[in-house]
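Coordinates from input_7.pdb are shown below (PDB, C-alpha atoms).
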```
ATOM      1  CA  CYS P   4      39.192 -93.425 250.663
ATOM      2  CA  CYS P   5      39.591 -90.327 252.749
ATOM      3  CA  TYR P   6      39.090 -89.937 256.512
ATOM      4  CA  PHE P   7      38.128 -86.615 258.036
ATOM      5  CA  VAL P   8      37.951 -85.408 261.583
ATOM      6  CA  PHE P   9      34.717 -83.463 261.795
ATOM      7  CA  ALA P  10      35.759 -80.147 263.276
ATOM      8  CA  LEU P  11      33.676 -77.135 262.349
ATOM      9  CA  SER P  12      35.575 -74.341 264.020
ATOM     10  CA  ASP P  13      34.166 -71.456 262.002
ATOM     11  CA  LEU P  14      30.474 -72.182 262.387
ATOM     12  CA  HIS P  15      29.864 -68.770 263.971
ATOM     13  CA  LEU P  16      30.125 -67.421 260.416
ATOM     14  CA  LEU P  17      27.401 -69.797 259.288
ATOM     15  CA  SER P  18      24.869 -69.468 262.105
ATOM     16  CA  ARG P  19      21.922 -69.039 259.724
ATOM     17  CA  ILE P  20      22.356 -72.462 258.081
ATOM     18  CA  PHE P  21      19.186 -74.519 258.427
ATOM     19  CA  ALA P  22      20.198 -77.690 256.533
ATOM     20  CA  LEU P  23      23.386 -79.737 256.699
ATOM     21  CA  SER P  24      23.754 -82.900 254.664
ATOM     22  CA  LEU P  25      27.013 -84.804 254.955
ATOM     23  CA  LEU P  26      25.750 -87.947 253.245
ATOM     24  CA  ARG P  27      28.897 -89.708 251.999
ATOM     25  CA  CYS P  28      30.500 -86.327 252.292
ATOM     26  CA  CYS P  29      33.509 -86.540 250.025
ATOM     27  CA  SER P  30      32.559 -89.316 247.633
ATOM     28  CA  VAL P  31      29.906 -87.668 245.510
ATOM     29  CA  GLY P  32      31.131 -89.427 242.379
ATOM     30  CA  SER P  33      31.018 -92.885 243.913
ATOM     31  CA  ALA P  34      27.701 -92.182 245.648
ATOM     32  CA  LEU P  35      26.111 -91.285 242.320
ATOM     33  CA  ALA P  36      27.675 -94.233 240.535
ATOM     34  CA  GLN P  37      26.499 -96.835 243.052
ATOM     35  CA  PRO P  38      22.859 -97.873 243.220
ATOM     36  CA  PHE P  39      21.188 -97.334 246.587
ATOM     37  CA  ARG P  40      21.347-100.386 248.834
ATOM     38  CA  ASP P  41      18.533-100.998 251.325
ATOM     39  CA  SER P  42      20.651-103.264 253.524
ATOM     40  CA  PHE P  43      23.833-102.066 255.186
ATOM     41  CA  ASP P  44      25.126-105.548 256.037
ATOM     42  CA  THR P  45      28.126-105.237 253.716
ATOM     43  CA  TYR P  46      28.962-101.622 254.458
ATOM     44  CA  GLU P  47      31.386-101.987 257.362
ATOM     45  CA  ASP P  48      34.492-101.868 255.185
ATOM     46  CA  ASP P  49      32.855-100.056 252.307
ATOM     47  CA  ALA P  50      34.908 -97.191 250.892
ATOM     48  CA  GLY P  51      31.647 -95.219 250.478
ATOM     49  CA  HIS P  52      31.845 -94.252 254.149
ATOM     50  CA  GLU P  53      33.899 -91.122 253.948
ATOM     51  CA  LEU P  54      33.367 -88.908 256.968
ATOM     52  CA  GLY P  55      34.643 -90.026 260.370
ATOM     53  CA  GLY P  56      35.912 -88.809 263.703
ATOM     54  CA  PRO P  57      34.226 -86.959 266.538
ATOM     55  CA  ILE P  58      31.455 -84.472 265.819
ATOM     56  CA  SER P  59      32.311 -81.085 267.222
ATOM     57  CA  PRO P  60      29.949 -79.304 269.652
ATOM     58  CA  SER P  61      30.485 -76.290 267.383
ATOM     59  CA  LEU P  62      27.482 -77.694 265.537
ATOM     60  CA  LEU P  63      25.366 -76.131 268.302
ATOM     61  CA  GLN P  64      26.180 -72.718 266.850
ATOM     62  CA  LEU P  65      23.842 -73.549 263.982
ATOM     63  CA  LYS P  66      20.832 -72.277 265.911
ATOM     64  CA  ASP P  67      18.412 -72.568 262.980
ATOM     65  CA  LEU P  68      19.455 -76.086 261.934
ATOM     66  CA  LYS P  69      16.358 -78.023 260.924
ATOM     67  CA  TYR P  70      17.868 -80.765 258.734
ATOM     68  CA  LEU P  71      20.872 -82.907 259.666
ATOM     69  CA  ASP P  72      21.944 -85.869 257.546
ATOM     70  CA  LEU P  73      25.049 -87.756 258.687
ATOM     71  CA  SER P  74      24.049 -91.007 257.007
ATOM     72  CA  MET P  75      26.345 -93.387 255.152
ATOM     73  CA  ASN P  76      29.546 -92.278 256.870
ATOM     74  CA  ASN P  77      31.963 -94.055 259.195
ATOM     75  CA  PHE P  78      31.898 -92.770 262.766
ATOM     76  CA  LYS P  79      33.146 -96.123 264.050
ATOM     77  CA  GLY P  80      34.522 -95.784 267.565
ATOM     78  CA  PHE P  81      32.624 -92.550 268.281
ATOM     79  CA  LYS P  82      29.299 -92.204 270.064
ATOM     80  CA  VAL P  83      26.356 -90.161 268.877
ATOM     81  CA  PRO P  84      27.034 -86.921 270.754
ATOM     82  CA  GLU P  85      24.631 -86.069 273.577
ATOM     83  CA  PHE P  86      24.541 -82.459 272.372
ATOM     84  CA  ILE P  87      22.553 -83.437 269.261
ATOM     85  CA  GLY P  88      19.577 -83.493 271.623
ATOM     86  CA  SER P  89      20.132 -79.741 272.132
ATOM     87  CA  LEU P  90      19.473 -78.904 268.474
ATOM     88  CA  LYS P  91      15.899 -77.874 269.339
ATOM     89  CA  GLU P  92      14.946 -76.744 265.825
ATOM     90  CA  LEU P  93      15.745 -80.089 264.174
ATOM     91  CA  ARG P  94      12.898 -81.502 262.083
ATOM     92  CA  TYR P  95      14.939 -84.138 260.198
ATOM     93  CA  LEU P  96      17.728 -86.370 261.552
ATOM     94  CA  ASN P  97      19.267 -89.182 259.530
ATOM     95  CA  LEU P  98      22.031 -91.290 261.111
ATOM     96  CA  SER P  99      21.415 -94.425 259.034
ATOM     97  CA  GLY P 100      24.433 -96.484 258.051
ATOM     98  CA  SER P 101      26.801 -94.184 259.956
ATOM     99  CA  PHE P 102      28.327 -96.857 262.239
ATOM    100  CA  PHE P 103      28.331 -94.958 265.503
ATOM    101  CA  SER P 104      29.402 -96.817 268.644
ATOM    102  CA  GLY P 105      27.474 -97.022 271.893
ATOM    103  CA  THR P 106      23.762 -96.513 272.253
ATOM    104  CA  ILE P 107      21.187 -93.894 271.361
ATOM    105  CA  PRO P 108      21.625 -90.941 273.702
ATOM    106  CA  GLN P 109      18.572 -90.265 275.853
ATOM    107  CA  SER P 110      18.939 -86.596 274.885
ATOM    108  CA  LEU P 111      17.421 -87.363 271.461
ATOM    109  CA  GLY P 112      14.149 -87.350 273.378
ATOM    110  CA  ASN P 113      14.592 -83.571 273.727
ATOM    111  CA  LEU P 114      14.007 -83.031 270.005
ATOM    112  CA  THR P 115      10.326 -82.207 270.410
ATOM    113  CA  ASN P 116      10.022 -80.716 266.894
ATOM    114  CA  LEU P 117      11.538 -83.742 265.139
ATOM    115  CA  LEU P 118       9.381 -85.097 262.309
ATOM    116  CA  TYR P 119      11.764 -87.598 260.672
ATOM    117  CA  LEU P 120      14.233 -89.915 262.401
ATOM    118  CA  ASP P 121      16.199 -92.596 260.565
ATOM    119  CA  LEU P 122      18.420 -94.835 262.699
ATOM    120  CA  ASN P 123      18.535 -97.740 260.248
ATOM    121  CA  ASN P 124      21.696 -99.744 261.019
ATOM    122  CA  PHE P 125      23.466 -96.763 262.551
ATOM    123  CA  LEU P 126      25.429 -98.728 265.187
ATOM    124  CA  ASP P 127      28.716-100.478 264.453
ATOM    125  CA  GLN P 128      28.395-103.329 266.969
ATOM    126  CA  SER P 129      25.671-104.094 269.460
ATOM    127  CA  ASN P 130      22.414-102.812 268.123
ATOM    128  CA  GLN P 131      20.475-103.365 271.342
ATOM    129  CA  ILE P 132      18.623-100.173 272.107
ATOM    130  CA  GLY P 133      16.209 -98.839 274.694
ATOM    131  CA  LEU P 134      13.201 -96.804 273.605
ATOM    132  CA  GLY P 135      12.395 -94.700 276.673
ATOM    133  CA  TRP P 136      13.564 -91.524 274.936
ATOM    134  CA  LEU P 137      10.865 -91.876 272.223
ATOM    135  CA  SER P 138       8.217 -90.410 274.515
ATOM    136  CA  GLY P 139       9.845 -86.983 274.086
ATOM    137  CA  LEU P 140       9.170 -86.924 270.328
ATOM    138  CA  PRO P 141       5.475 -85.983 270.058
ATOM    139  CA  SER P 142       5.755 -84.595 266.507
ATOM    140  CA  LEU P 143       7.522 -87.610 264.970
ATOM    141  CA  LYS P 144       5.903 -88.783 261.716
ATOM    142  CA  TYR P 145       8.600 -91.158 260.366
ATOM    143  CA  LEU P 146      10.735 -93.566 262.382
ATOM    144  CA  ASN P 147      13.159 -96.174 261.042
ATOM    145  CA  LEU P 148      14.781 -98.463 263.617
ATOM    146  CA  GLY P 149      15.981-101.010 261.055
ATOM    147  CA  GLY P 150      18.450-103.547 262.408
ATOM    148  CA  ALA P 151      17.782-102.595 266.024
ATOM    149  CA  ASP P 152      17.665-105.282 268.676
ATOM    150  CA  LEU P 153      14.511-104.406 270.594
ATOM    151  CA  SER P 154      14.895-107.272 273.076
ATOM    152  CA  LYS P 155      16.046-104.825 275.770
ATOM    153  CA  ASP P 156      12.565-103.324 275.672
ATOM    154  CA  ALA P 157      10.726-106.462 274.524
ATOM    155  CA  ALA P 158       8.026-106.111 277.164
ATOM    156  CA  TYR P 159       7.044-102.564 276.216
ATOM    157  CA  TRP P 160       8.446-101.582 272.803
ATOM    158  CA  LEU P 161       4.959-101.550 271.270
ATOM    159  CA  GLU P 162       3.739 -99.318 274.086
ATOM    160  CA  SER P 163       6.656 -96.920 273.486
ATOM    161  CA  ILE P 164       5.871 -96.730 269.766
ATOM    162  CA  SER P 165       2.119 -96.319 270.268
ATOM    163  CA  MET P 166       2.761 -93.208 272.386
ATOM    164  CA  LEU P 167       3.888 -91.471 269.192
ATOM    165  CA  ARG P 168       0.459 -90.127 268.198
ATOM    166  CA  SER P 169       1.740 -88.307 265.096
ATOM    167  CA  LEU P 170       3.591 -91.341 263.706
ATOM    168  CA  VAL P 171       2.563 -92.124 260.132
ATOM    169  CA  GLU P 172       5.352 -94.482 259.049
ATOM    170  CA  LEU P 173       7.281 -97.000 261.148
ATOM    171  CA  ARG P 174      10.032 -99.149 259.658
ATOM    172  CA  LEU P 175      11.474-102.091 261.576
ATOM    173  CA  PRO P 176      13.349-104.197 258.977
ATOM    174  CA  ASN P 177      15.702-106.845 260.397
ATOM    175  CA  CYS P 178      14.788-106.092 264.001
ATOM    176  CA  ASN P 179      15.083-108.716 266.721
TER     177      ASN P 179
END
```
Mind turning the file's structure into structure tokens?
Amino acid sequence: CCYFVFALSDLHLLSRIFALSLLRCCSVGSALAQPFRDSFDTYEDDAGHELGGPISPSLLQLKDLKYLDLSMNNFKGFKVPEFIGSLKELRYLNLSGSFFSGTIPQSLGNLTNLLYLDLNNFLDQSNQIGLGWLSGLPSLKYLNLGGADLSKDAAYWLESISMLRSLVELRLPNCN
């Protein structure tokens, strides 16, 4: 198993990148050899999580970034960075199974062009989330909140979801 600190210091050279997939970043062989698992219950100590550490704000230099996949990594102990909400061109964001700490940053509500958002089991501990930030995602077509504890917003979670007029697919497996 390898552990990387995500530091992209030379992104100015790559400013025209529009897709970045770091799905199980350095374990391509093991990712291909293992069948896909729909439940992440046993993943906490799984060697398939390869990328870890803080995510550098240098990512903001990728001005044309439309696709960001950080799924199936191990960011345990690190929060989803607020600056991800500044990646205005993002259409696709996948943080599933990435074991971030903390909560969903409200700044994700700034991603007005986002079409696809997968947060299936992305937190390492408490999975209690608020949904107020969803109202800022008018273009969202796919949303996966699998494993989320919606009790924080129990009184109005359905109202928050129904405000997403473009939503075509909603996944809520193992939600409380």
Exercise for the section: Apply the PyMOL selection byres ((chain P and resi 97-108) around 6) to the structure shown and report the selected residues as a count of residues only. Expected result: 24
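For the set P:Gly135, P:Pro60, P:Gly112, P:Gly149, the residue with the smallest atom-to-atom gap to Lys91 of chain P is P:Gly112, counting all atoms listed in the file.
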Practice task
Determine, counting all atoms listed in the file, every residue of protein, DNA or RNA that lies within 9 Å of (12.3, -104.0, 271.9) in the file coordinates, then give the result as a PyMOL selection string.
Solution key: chain P and resi 131-134+151-161+178-179
Problem - Nearest residue to Trp136 of chain P from the set P:Asn116, P:Ser89, P:Ser59, P:Ser163 (distances using all atoms listed in the file) - result: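 Ranking P:Asn116, P:Ser89, P:Ser59, P:Ser163 by distance to Trp136 of chain P, first place goes to P:Ser163.
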Exercise for the section: Take atom CA of Pro141 of chain P and atom CA of Val83 of chain P and report the distance between them in Å, one decimal. Expected result: 21.3 Å
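Contact shell of Leu146 of chain P at 9 Å (all atoms listed in the file; same-chain neighbours under 5 positions omitted): Leu118, Tyr119, Leu120, Asp121, Leu122, Leu170, Val171, Glu172, Leu173, Arg174 and Leu175 of chain P.
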Exercise for the section: Have a look at atom CA of Arg168 of chain P and atom CA of Leu93 of chain P and let me know their distance in Å, one decimal. Expected result: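 Separating atom CA of Arg168 of chain P from atom CA of Leu93 of chain P is a distance of 18.7 Å.
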Fill in the blank from the handout: From atom CA of Leu68 of chain P to atom CA of Ser165 of chain P the spacing works out at 27.9 Å
Exercise for the section: Run the PyMOL selection byres ((chain P and resi 90) around 10) against the file shown and list the residues it catches, as a list in words. Expected result: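 Applying the expression gives Leu62, Leu63, Gln64, Leu65, Lys66, Asp67, Leu68, Lys69, Leu71, Phe86, Ile87, Gly88, Ser89, Lys91, Glu92, Leu93, Arg94, Leu111, Asn113, Leu114, Thr115, Asn116 and Leu117 of chain P.
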